[in-house]
$ cat protein01.cif   # mmCIF, C-alpha atoms
data_run
loop_
_atom_site.group_PDB
_atom_site.id
_atom_site.type_symbol
_atom_site.label_atom_id
_atom_site.label_comp_id
_atom_site.auth_asym_id
_atom_site.auth_seq_id
_atom_site.Cartn_x
_atom_site.Cartn_y
_atom_site.Cartn_z
ATOM 1 C CA MET A 21 0.000 0.000 0.000
ATOM 2 C CA LYS A 22 1.239 3.465 -0.904
ATOM 3 C CA ILE A 23 0.475 6.327 1.442
ATOM 4 C CA VAL A 24 -0.204 9.639 -0.285
ATOM 5 C CA GLY A 25 0.188 12.910 1.610
ATOM 6 C CA LEU A 26 -2.344 15.396 0.256
ATOM 7 C CA THR A 27 -1.871 19.018 1.231
ATOM 8 C CA GLY A 28 -2.780 22.538 0.212
ATOM 9 C CA GLY A 29 -3.189 25.908 1.841
ATOM 10 C CA ILE A 30 -6.443 27.060 3.373
ATOM 11 C CA GLY A 31 -9.051 27.548 0.636
ATOM 12 C CA SER A 32 -7.092 25.537 -1.937
ATOM 13 C CA GLY A 33 -9.794 22.882 -2.279
ATOM 14 C CA LYS A 34 -7.901 19.888 -0.893
ATOM 15 C CA SER A 35 -11.095 18.644 0.803
ATOM 16 C CA THR A 36 -12.827 18.640 -2.590
ATOM 17 C CA VAL A 37 -9.972 16.547 -3.994
ATOM 18 C CA SER A 38 -10.286 14.223 -0.978
ATOM 19 C CA ARG A 39 -13.995 13.740 -1.644
ATOM 20 C CA LEU A 40 -13.250 12.828 -5.266
ATOM 21 C CA LEU A 41 -10.680 10.278 -4.081
ATOM 22 C CA GLU A 42 -13.200 8.775 -1.645
ATOM 23 C CA ILE A 43 -15.799 8.522 -4.439
ATOM 24 C CA MET A 44 -13.138 6.513 -6.295
ATOM 25 C CA GLU A 45 -12.954 4.238 -3.217
ATOM 26 C CA ILE A 46 -9.570 5.438 -2.011
ATOM 27 C CA PRO A 47 -9.579 5.753 1.798
ATOM 28 C CA VAL A 48 -8.739 9.231 3.116
ATOM 29 C CA TYR A 49 -7.663 10.170 6.634
ATOM 30 C CA ALA A 50 -8.677 13.825 7.081
ATOM 31 C CA ALA A 51 -6.052 14.891 9.630
ATOM 32 C CA ASP A 52 -7.388 18.445 9.992
ATOM 33 C CA ALA A 53 -10.929 17.242 10.788
ATOM 34 C CA VAL A 54 -9.644 14.510 13.121
ATOM 35 C CA SER A 55 -7.411 16.975 14.983
ATOM 36 C CA LYS A 56 -10.451 19.196 15.671
ATOM 37 C CA LYS A 57 -12.227 16.208 17.251
ATOM 38 C CA LEU A 58 -9.171 15.112 19.216
ATOM 39 C CA VAL A 59 -8.647 18.619 20.631
ATOM 40 C CA ASP A 60 -11.962 18.068 22.449
ATOM 41 C CA ALA A 61 -11.739 14.302 23.037
ATOM 42 C CA SER A 62 -8.128 13.797 24.143
ATOM 43 C CA PRO A 63 -7.562 14.400 27.887
ATOM 44 C CA HIS A 64 -3.820 14.846 27.178
ATOM 45 C CA ILE A 65 -4.409 17.661 24.671
ATOM 46 C CA ARG A 66 -7.004 19.338 26.875
ATOM 47 C CA GLU A 67 -4.719 19.265 29.936
ATOM 48 C CA GLN A 68 -1.664 20.573 28.072
ATOM 49 C CA LEU A 69 -3.496 23.391 26.278
ATOM 50 C CA SER A 70 -5.382 24.435 29.427
ATOM 51 C CA ALA A 71 -2.142 24.508 31.431
ATOM 52 C CA LYS A 72 -0.565 26.816 28.847
ATOM 53 C CA PHE A 73 -3.485 29.031 27.851
ATOM 54 C CA GLY A 74 -5.793 28.900 30.879
ATOM 55 C CA LEU A 75 -8.908 26.959 31.883
ATOM 56 C CA GLN A 76 -11.150 29.395 29.958
ATOM 57 C CA LEU A 77 -9.873 27.776 26.744
ATOM 58 C CA TYR A 78 -12.451 24.993 27.243
ATOM 59 C CA GLN A 79 -16.126 25.597 27.967
ATOM 60 C CA ASP A 80 -18.304 22.588 28.836
ATOM 61 C CA GLY A 81 -15.548 20.281 27.569
ATOM 62 C CA LYS A 82 -15.362 21.991 24.168
ATOM 63 C CA LEU A 83 -12.523 24.115 22.831
ATOM 64 C CA ASN A 84 -13.336 27.823 22.523
ATOM 65 C CA LYS A 85 -12.235 27.998 18.877
ATOM 66 C CA ALA A 86 -12.372 31.776 18.567
ATOM 67 C CA LEU A 87 -10.195 32.246 21.656
ATOM 68 C CA PHE A 88 -7.787 29.522 20.529
ATOM 69 C CA ALA A 89 -7.446 31.099 17.056
ATOM 70 C CA SER A 90 -6.746 34.501 18.606
ATOM 71 C CA LEU A 91 -3.984 32.961 20.730
ATOM 72 C CA ILE A 92 -2.168 30.987 18.029
ATOM 73 C CA PHE A 93 -2.572 32.871 14.727
ATOM 74 C CA GLY A 94 0.040 35.607 14.592
ATOM 75 C CA ASN A 95 1.941 34.170 17.576
ATOM 76 C CA ASP A 96 4.603 31.689 16.446
ATOM 77 C CA GLU A 97 5.523 30.558 19.953
ATOM 78 C CA ASN A 98 1.913 29.721 20.875
ATOM 79 C CA LEU A 99 1.332 28.045 17.511
ATOM 80 C CA GLN A 100 4.447 25.878 17.877
ATOM 81 C CA PHE A 101 3.413 24.868 21.384
ATOM 82 C CA ALA A 102 -0.114 23.932 20.283
ATOM 83 C CA ASN A 103 1.281 21.930 17.362
ATOM 84 C CA SER A 104 3.768 20.114 19.614
ATOM 85 C CA VAL A 105 0.850 18.956 21.773
ATOM 86 C CA ILE A 106 -1.676 18.117 19.048
ATOM 87 C CA HIS A 107 0.440 16.618 16.237
ATOM 88 C CA PRO A 108 1.773 13.531 18.095
ATOM 89 C CA VAL A 109 -1.762 12.553 19.190
ATOM 90 C CA VAL A 110 -3.098 12.951 15.638
ATOM 91 C CA PHE A 111 -0.163 10.975 14.247
ATOM 92 C CA GLU A 112 -0.830 8.094 16.673
ATOM 93 C CA ASP A 113 -4.463 8.072 15.592
ATOM 94 C CA PHE A 114 -3.390 8.077 11.912
ATOM 95 C CA ARG A 115 -1.110 5.084 12.504
ATOM 96 C CA ARG A 116 -4.030 3.138 14.003
ATOM 97 C CA TRP A 117 -6.207 4.080 11.006
ATOM 98 C CA GLU A 118 -3.431 3.109 8.560
ATOM 99 C CA ALA A 119 -3.107 -0.346 10.149
ATOM 100 C CA GLN A 120 -6.820 -0.952 9.497
ATOM 101 C CA GLN A 121 -6.590 -0.281 5.746
ATOM 102 C CA ASN A 122 -6.494 -3.748 4.240
ATOM 103 C CA ASN A 123 -6.025 -4.775 0.623
ATOM 104 C CA VAL A 124 -6.027 -1.275 -0.824
ATOM 105 C CA PRO A 125 -3.298 -0.084 -3.204
ATOM 106 C CA LEU A 126 -3.543 3.553 -2.059
ATOM 107 C CA ALA A 127 -4.501 5.423 1.094
ATOM 108 C CA VAL A 128 -4.377 9.175 1.641
ATOM 109 C CA ILE A 129 -3.661 11.445 4.578
ATOM 110 C CA GLU A 130 -5.067 14.919 3.963
ATOM 111 C CA SER A 131 -3.433 17.697 5.985
ATOM 112 C CA ALA A 132 -3.067 21.436 5.479
ATOM 113 C CA ILE A 133 0.134 21.266 7.514
ATOM 114 C CA LEU A 134 1.614 18.085 6.035
ATOM 115 C CA PHE A 135 5.106 19.591 5.847
ATOM 116 C CA ASP A 136 4.877 21.829 8.932
ATOM 117 C CA SER A 137 3.840 18.847 11.081
ATOM 118 C CA GLY A 138 6.430 16.427 9.703
ATOM 119 C CA PHE A 139 3.698 13.993 8.545
ATOM 120 C CA ASN A 140 5.311 14.133 5.081
ATOM 121 C CA ARG A 141 8.138 11.939 6.416
ATOM 122 C CA SER A 142 5.661 9.064 6.785
ATOM 123 C CA VAL A 143 4.202 9.077 3.276
ATOM 124 C CA ASP A 144 5.417 7.705 -0.049
ATOM 125 C CA ILE A 145 4.483 10.689 -2.182
ATOM 126 C CA THR A 146 3.257 14.230 -1.540
ATOM 127 C CA VAL A 147 0.578 16.023 -3.553
ATOM 128 C CA ASN A 148 -0.225 19.731 -3.302
ATOM 129 C CA VAL A 149 -3.571 21.237 -4.270
ATOM 130 C CA SER A 150 -2.681 24.694 -5.551
ATOM 131 C CA ALA A 151 -4.869 27.743 -6.086
ATOM 132 C CA PRO A 152 -4.101 31.465 -6.576
ATOM 133 C CA PRO A 153 -4.158 33.561 -3.369
ATOM 134 C CA GLU A 154 -7.187 35.660 -4.340
ATOM 135 C CA VAL A 155 -9.211 32.544 -5.192
ATOM 136 C CA ARG A 156 -8.308 31.016 -1.816
ATOM 137 C CA ILE A 157 -9.163 34.194 0.088
ATOM 138 C CA ARG A 158 -12.580 34.477 -1.595
ATOM 139 C CA ARG A 159 -13.402 30.826 -0.903
ATOM 140 C CA VAL A 160 -12.564 31.077 2.792
ATOM 141 C CA GLU A 161 -14.380 34.405 3.215
ATOM 142 C CA GLN A 162 -17.531 32.835 1.765
ATOM 143 C CA ARG A 163 -17.178 29.439 3.451
ATOM 144 C CA ASP A 164 -16.299 30.611 6.970
ATOM 145 C CA ARG A 165 -17.938 34.055 6.847
ATOM 146 C CA VAL A 166 -14.756 35.697 8.107
ATOM 147 C CA SER A 167 -12.910 38.875 7.212
ATOM 148 C CA ARG A 168 -10.129 39.112 4.652
ATOM 149 C CA LYS A 169 -7.759 40.045 7.496
ATOM 150 C CA SER A 170 -8.647 36.835 9.342
ATOM 151 C CA VAL A 171 -8.037 34.737 6.205
ATOM 152 C CA LEU A 172 -4.672 36.418 5.566
ATOM 153 C CA SER A 173 -3.661 35.722 9.176
ATOM 154 C CA ARG A 174 -4.365 32.008 8.662
ATOM 155 C CA ILE A 175 -2.540 31.970 5.320
ATOM 156 C CA ASP A 176 0.477 33.642 6.941
ATOM 157 C CA SER A 177 0.576 30.937 9.627
ATOM 158 C CA GLN A 178 1.164 28.253 6.958
ATOM 159 C CA ILE A 179 4.164 27.717 4.710
ATOM 160 C CA SER A 180 4.018 29.602 1.416
ATOM 161 C CA GLU A 181 2.397 28.245 -1.736
ATOM 162 C CA ASP A 182 5.769 28.335 -3.524
ATOM 163 C CA GLU A 183 7.354 26.293 -0.752
ATOM 164 C CA ARG A 184 4.510 23.739 -0.762
ATOM 165 C CA ASN A 185 4.827 23.345 -4.541
ATOM 166 C CA ARG A 186 8.601 22.986 -4.262
ATOM 167 C CA LEU A 187 8.351 20.317 -1.559
ATOM 168 C CA SER A 188 5.561 18.330 -3.259
ATOM 169 C CA ASP A 189 6.072 15.530 -5.753
ATOM 170 C CA TYR A 190 2.875 16.307 -7.657
ATOM 171 C CA THR A 191 0.566 19.330 -8.019
ATOM 172 C CA ILE A 192 -3.150 19.544 -8.741
ATOM 173 C CA PHE A 193 -4.382 22.976 -9.854
ATOM 174 C CA ASN A 194 -7.730 24.060 -8.432
ATOM 175 C CA ASP A 195 -7.814 27.533 -9.964
ATOM 176 C CA ASN A 196 -11.403 27.572 -11.312
ATOM 177 C CA THR A 197 -10.074 27.216 -14.873
ATOM 178 C CA ARG A 198 -8.784 23.616 -15.003
ATOM 179 C CA ALA A 199 -11.196 20.740 -14.318
ATOM 180 C CA LEU A 200 -10.391 18.830 -11.146
ATOM 181 C CA LEU A 201 -11.717 15.370 -11.987
ATOM 182 C CA PRO A 202 -9.346 14.661 -14.926
ATOM 183 C CA GLN A 203 -6.410 15.826 -12.788
ATOM 184 C CA VAL A 204 -7.423 13.484 -9.961
ATOM 185 C CA GLU A 205 -7.832 10.599 -12.426
ATOM 186 C CA ASN A 206 -4.361 11.355 -13.846
ATOM 187 C CA LEU A 207 -2.938 11.384 -10.321
ATOM 188 C CA ILE A 208 -4.406 7.955 -9.558
ATOM 189 C CA ARG A 209 -3.075 6.533 -12.826
ATOM 190 C CA PHE A 210 0.333 8.013 -12.030
ATOM 191 C CA LEU A 211 0.346 6.517 -8.516
ATOM 192 C CA LEU A 212 -0.811 3.070 -9.603
ATOM 193 C CA SER A 213 1.736 2.989 -12.425
ATOM 194 C CA LYS A 214 4.589 3.327 -9.956
ATOM 195 C CA ARG A 215 5.584 0.007 -8.502
ATOM 196 C CA LYS A 216 7.609 1.664 -5.854
ATOM 197 C CA ILE A 217 7.881 5.356 -5.065
#
$ encode --input "protein01.cif" --output "structure tokens"
Amino acid sequence: MKIVGLTGGIGSGKSTVSRLLEIMEIPVYAADAVSKKLVDASPHIREQLSAKFGLQLYQDGKLNKALFASLIFGNDENLQFANSVIHPVVFEDFRRWEAQQNNVPLAVIESAILFDSGFNRSVDITVNVSAPPEVRIRRVEQRDRVSRKSVLSRIDSQISEDERNRLSDYTIFNDNTRALLPQVENLIRFLLSKRKI
């Protein structure tokens, strides 16, 4: 089984690519979605984050997302601390999920921070979903109903698009001009044609 690391900046459309892969019966581990669940469910994460940022970070056992975002976006030290607590727990969970994938040629881990987190070291090939900055900003503004400033703050907290493209083995362009489905089909053909990556 080959493990594919699928990444892309916020608003790039990597979740759309993931859904297409799932329709094609390729299992996808959505690390970003899982990490949001684990931030609430994991006693270890809750204890560590509360010790650092204060008990008000959790209300009725749920993370105060707005407060958390205000503490980590734009503050590298806080962001690095949060990542150092959350990433190992997510990675453990991914390893358990990976062990359960039987008789499939491909499995995918989708993560916005594939390279930042170091998850890329545990995959066979990395794929970036790329979109122009203005397209990404518009998508996130509409999807999350947030300000442009808020979107730019999140974009700035991730590695640059150029760096993601440079580090990735393969790029899918989700720029509203090139159709996604043929690109995803080409990616799958490319992956299955490689005996060993």
$ closest_residue --input "protein01.cif" --among "A:Ser70, A:Gln76, A:Gln121, A:Thr27" --to "Ile46 (chain A)" --atoms "all atoms listed in the file"
A:Gln121
$ residues_around --input "protein01.cif" --residues "Arg158 (chain A)" --least-positions-apart "5" --cutoff "9 Å" --atoms "all atoms listed in the file" --output "ChimeraX atom specification"
/A:31,153,163,168
$ resolve_selection --input "protein01.cif" --expression "the PyMOL selection byres ((chain A and resi 23) around 9)" --output "number ranges by chain"
A: 21-22, 24-25, 118, 125-129, 142-146
$ write_last_selection --input "protein01.cif" --atoms "C-alpha atoms" --output "PDB file, keeping the file's coordinate frame"
ATOM      1  CA  MET A  21       0.000   0.000   0.000  1.00  0.00           C
ATOM      2  CA  LYS A  22       1.239   3.465  -0.904  1.00  0.00           C
ATOM      3  CA  VAL A  24      -0.204   9.639  -0.285  1.00  0.00           C
ATOM      4  CA  GLY A  25       0.188  12.910   1.610  1.00  0.00           C
ATOM      5  CA  GLU A 118      -3.431   3.109   8.560  1.00  0.00           C
ATOM      6  CA  PRO A 125      -3.298  -0.084  -3.204  1.00  0.00           C
ATOM      7  CA  LEU A 126      -3.543   3.553  -2.059  1.00  0.00           C
ATOM      8  CA  ALA A 127      -4.501   5.423   1.094  1.00  0.00           C
ATOM      9  CA  VAL A 128      -4.377   9.175   1.641  1.00  0.00           C
ATOM     10  CA  ILE A 129      -3.661  11.445   4.578  1.00  0.00           C
ATOM     11  CA  SER A 142       5.661   9.064   6.785  1.00  0.00           C
ATOM     12  CA  VAL A 143       4.202   9.077   3.276  1.00  0.00           C
ATOM     13  CA  ASP A 144       5.417   7.705  -0.049  1.00  0.00           C
ATOM     14  CA  ILE A 145       4.483  10.689  -2.182  1.00  0.00           C
ATOM     15  CA  THR A 146       3.257  14.230  -1.540  1.00  0.00           C
TER      16      THR A 146
END
$ resolve_selection --input "protein01.cif" --expression "the PyMOL selection byres ((chain A and resi 187-194) around 6)" --output "MDAnalysis selection string"
chainID A and resid 146:151 184:186 195:196
$ closest_residue --input "protein01.cif" --among "A:Ser55, A:Thr197, A:Gln178, A:Gln162" --to "Val105 (chain A)" --atoms "only C-alpha atoms"
A:Ser55
$ residues_near_point --input "protein01.cif" --point "(-4.9, 30.0, 4.7)" --cutoff "6 Å" --atoms "all atoms listed in the file" --output "PDB file with C-alpha atoms, in the frame of the given file"
ATOM      1  CA  GLY A  29      -3.189  25.908   1.841  1.00  0.00           C
ATOM      2  CA  ILE A  30      -6.443  27.060   3.373  1.00  0.00           C
ATOM      3  CA  VAL A 171      -8.037  34.737   6.205  1.00  0.00           C
ATOM      4  CA  ARG A 174      -4.365  32.008   8.662  1.00  0.00           C
ATOM      5  CA  ILE A 175      -2.540  31.970   5.320  1.00  0.00           C
TER       6      ILE A 175
END
$ residues_around --input "protein01.cif" --residues "Asp60 (chain A)" --least-positions-apart "3" --cutoff "7 Å" --atoms "only C-alpha atoms" --output "VMD selection string"
chain A and resid 57 66 81 to 83
$ write_last_selection --input "protein01.cif" --atoms "C-alpha atoms" --output "PDB file, in the frame of the given file"
ATOM      1  CA  LYS A  57     -12.227  16.208  17.251  1.00  0.00           C
ATOM      2  CA  ARG A  66      -7.004  19.338  26.875  1.00  0.00           C
ATOM      3  CA  GLY A  81     -15.548  20.281  27.569  1.00  0.00           C
ATOM      4  CA  LYS A  82     -15.362  21.991  24.168  1.00  0.00           C
ATOM      5  CA  LEU A  83     -12.523  24.115  22.831  1.00  0.00           C
TER       6      LEU A  83
END
$ atom_distance --input "protein01.cif" --atom1 "CA of Phe135 (chain A)" --atom2 "CA of Leu26 (chain A)"
10.2 Å
$ atom_distance --input "protein01.cif" --atom1 "CA of Gly33 (chain A)" --atom2 "CA of Val204 (chain A)"
12.4 Å
$ closest_residue --input "protein01.cif" --among "A:Ala119, A:Val37, A:Ser170, A:Ser177" --to "Ile133 (chain A)" --atoms "all atoms listed in the file"
A:Ser177
$ atom_distance --input "protein01.cif" --atom1 "CA of Ser137 (chain A)" --atom2 "CA of Glu42 (chain A)"
23.5 Å
$ residues_around --input "protein01.cif" --residues "Val54 (chain A)" --least-positions-apart "5" --cutoff "12 Å" --atoms "all atoms listed in the file" --output "count of residues only"
18
$ closest_residue --input "protein01.cif" --among "A:Leu69, A:Ile208, A:Ala199, A:Leu134" --to "Asn98 (chain A)" --atoms "all atoms listed in the file"
A:Leu69
$ decode --input "protein01.cif" --residues "region 41-167 of chain A" --atoms "C-alpha atoms" --output "compact mmCIF listing (two decimals), in the first residue's frame"
# COMPACT_ATOMS: atom_id res chain seq x y z
CA LEU A 41 -10.68 10.28 -4.08
CA GLU A 42 -13.20 8.78 -1.64
CA ILE A 43 -15.80 8.52 -4.44
CA MET A 44 -13.14 6.51 -6.29
CA GLU A 45 -12.95 4.24 -3.22
CA ILE A 46 -9.57 5.44 -2.01
CA PRO A 47 -9.58 5.75 1.80
CA VAL A 48 -8.74 9.23 3.12
CA TYR A 49 -7.66 10.17 6.63
CA ALA A 50 -8.68 13.83 7.08
CA ALA A 51 -6.05 14.89 9.63
CA ASP A 52 -7.39 18.45 9.99
CA ALA A 53 -10.93 17.24 10.79
CA VAL A 54 -9.64 14.51 13.12
CA SER A 55 -7.41 16.97 14.98
CA LYS A 56 -10.45 19.20 15.67
CA LYS A 57 -12.23 16.21 17.25
CA LEU A 58 -9.17 15.11 19.22
CA VAL A 59 -8.65 18.62 20.63
CA ASP A 60 -11.96 18.07 22.45
CA ALA A 61 -11.74 14.30 23.04
CA SER A 62 -8.13 13.80 24.14
CA PRO A 63 -7.56 14.40 27.89
CA HIS A 64 -3.82 14.85 27.18
CA ILE A 65 -4.41 17.66 24.67
CA ARG A 66 -7.00 19.34 26.88
CA GLU A 67 -4.72 19.26 29.94
CA GLN A 68 -1.66 20.57 28.07
CA LEU A 69 -3.50 23.39 26.28
CA SER A 70 -5.38 24.44 29.43
CA ALA A 71 -2.14 24.51 31.43
CA LYS A 72 -0.56 26.82 28.85
CA PHE A 73 -3.49 29.03 27.85
CA GLY A 74 -5.79 28.90 30.88
CA LEU A 75 -8.91 26.96 31.88
CA GLN A 76 -11.15 29.40 29.96
CA LEU A 77 -9.87 27.78 26.74
CA TYR A 78 -12.45 24.99 27.24
CA GLN A 79 -16.13 25.60 27.97
CA ASP A 80 -18.30 22.59 28.84
CA GLY A 81 -15.55 20.28 27.57
CA LYS A 82 -15.36 21.99 24.17
CA LEU A 83 -12.52 24.12 22.83
CA ASN A 84 -13.34 27.82 22.52
CA LYS A 85 -12.23 28.00 18.88
CA ALA A 86 -12.37 31.78 18.57
CA LEU A 87 -10.19 32.25 21.66
CA PHE A 88 -7.79 29.52 20.53
CA ALA A 89 -7.45 31.10 17.06
CA SER A 90 -6.75 34.50 18.61
CA LEU A 91 -3.98 32.96 20.73
CA ILE A 92 -2.17 30.99 18.03
CA PHE A 93 -2.57 32.87 14.73
CA GLY A 94 0.04 35.61 14.59
CA ASN A 95 1.94 34.17 17.58
CA ASP A 96 4.60 31.69 16.45
CA GLU A 97 5.52 30.56 19.95
CA ASN A 98 1.91 29.72 20.88
CA LEU A 99 1.33 28.05 17.51
CA GLN A 100 4.45 25.88 17.88
CA PHE A 101 3.41 24.87 21.38
CA ALA A 102 -0.11 23.93 20.28
CA ASN A 103 1.28 21.93 17.36
CA SER A 104 3.77 20.11 19.61
CA VAL A 105 0.85 18.96 21.77
CA ILE A 106 -1.68 18.12 19.05
CA HIS A 107 0.44 16.62 16.24
CA PRO A 108 1.77 13.53 18.09
CA VAL A 109 -1.76 12.55 19.19
CA VAL A 110 -3.10 12.95 15.64
CA PHE A 111 -0.16 10.98 14.25
CA GLU A 112 -0.83 8.09 16.67
CA ASP A 113 -4.46 8.07 15.59
CA PHE A 114 -3.39 8.08 11.91
CA ARG A 115 -1.11 5.08 12.50
CA ARG A 116 -4.03 3.14 14.00
CA TRP A 117 -6.21 4.08 11.01
CA GLU A 118 -3.43 3.11 8.56
CA ALA A 119 -3.11 -0.35 10.15
CA GLN A 120 -6.82 -0.95 9.50
CA GLN A 121 -6.59 -0.28 5.75
CA ASN A 122 -6.49 -3.75 4.24
CA ASN A 123 -6.02 -4.77 0.62
CA VAL A 124 -6.03 -1.28 -0.82
CA PRO A 125 -3.30 -0.08 -3.20
CA LEU A 126 -3.54 3.55 -2.06
CA ALA A 127 -4.50 5.42 1.09
CA VAL A 128 -4.38 9.18 1.64
CA ILE A 129 -3.66 11.44 4.58
CA GLU A 130 -5.07 14.92 3.96
CA SER A 131 -3.43 17.70 5.98
CA ALA A 132 -3.07 21.44 5.48
CA ILE A 133 0.13 21.27 7.51
CA LEU A 134 1.61 18.08 6.03
CA PHE A 135 5.11 19.59 5.85
CA ASP A 136 4.88 21.83 8.93
CA SER A 137 3.84 18.85 11.08
CA GLY A 138 6.43 16.43 9.70
CA PHE A 139 3.70 13.99 8.54
CA ASN A 140 5.31 14.13 5.08
CA ARG A 141 8.14 11.94 6.42
CA SER A 142 5.66 9.06 6.79
CA VAL A 143 4.20 9.08 3.28
CA ASP A 144 5.42 7.70 -0.05
CA ILE A 145 4.48 10.69 -2.18
CA THR A 146 3.26 14.23 -1.54
CA VAL A 147 0.58 16.02 -3.55
CA ASN A 148 -0.22 19.73 -3.30
CA VAL A 149 -3.57 21.24 -4.27
CA SER A 150 -2.68 24.69 -5.55
CA ALA A 151 -4.87 27.74 -6.09
CA PRO A 152 -4.10 31.46 -6.58
CA PRO A 153 -4.16 33.56 -3.37
CA GLU A 154 -7.19 35.66 -4.34
CA VAL A 155 -9.21 32.54 -5.19
CA ARG A 156 -8.31 31.02 -1.82
CA ILE A 157 -9.16 34.19 0.09
CA ARG A 158 -12.58 34.48 -1.60
CA ARG A 159 -13.40 30.83 -0.90
CA VAL A 160 -12.56 31.08 2.79
CA GLU A 161 -14.38 34.41 3.22
CA GLN A 162 -17.53 32.84 1.76
CA ARG A 163 -17.18 29.44 3.45
CA ASP A 164 -16.30 30.61 6.97
CA ARG A 165 -17.94 34.05 6.85
CA VAL A 166 -14.76 35.70 8.11
CA SER A 167 -12.91 38.87 7.21
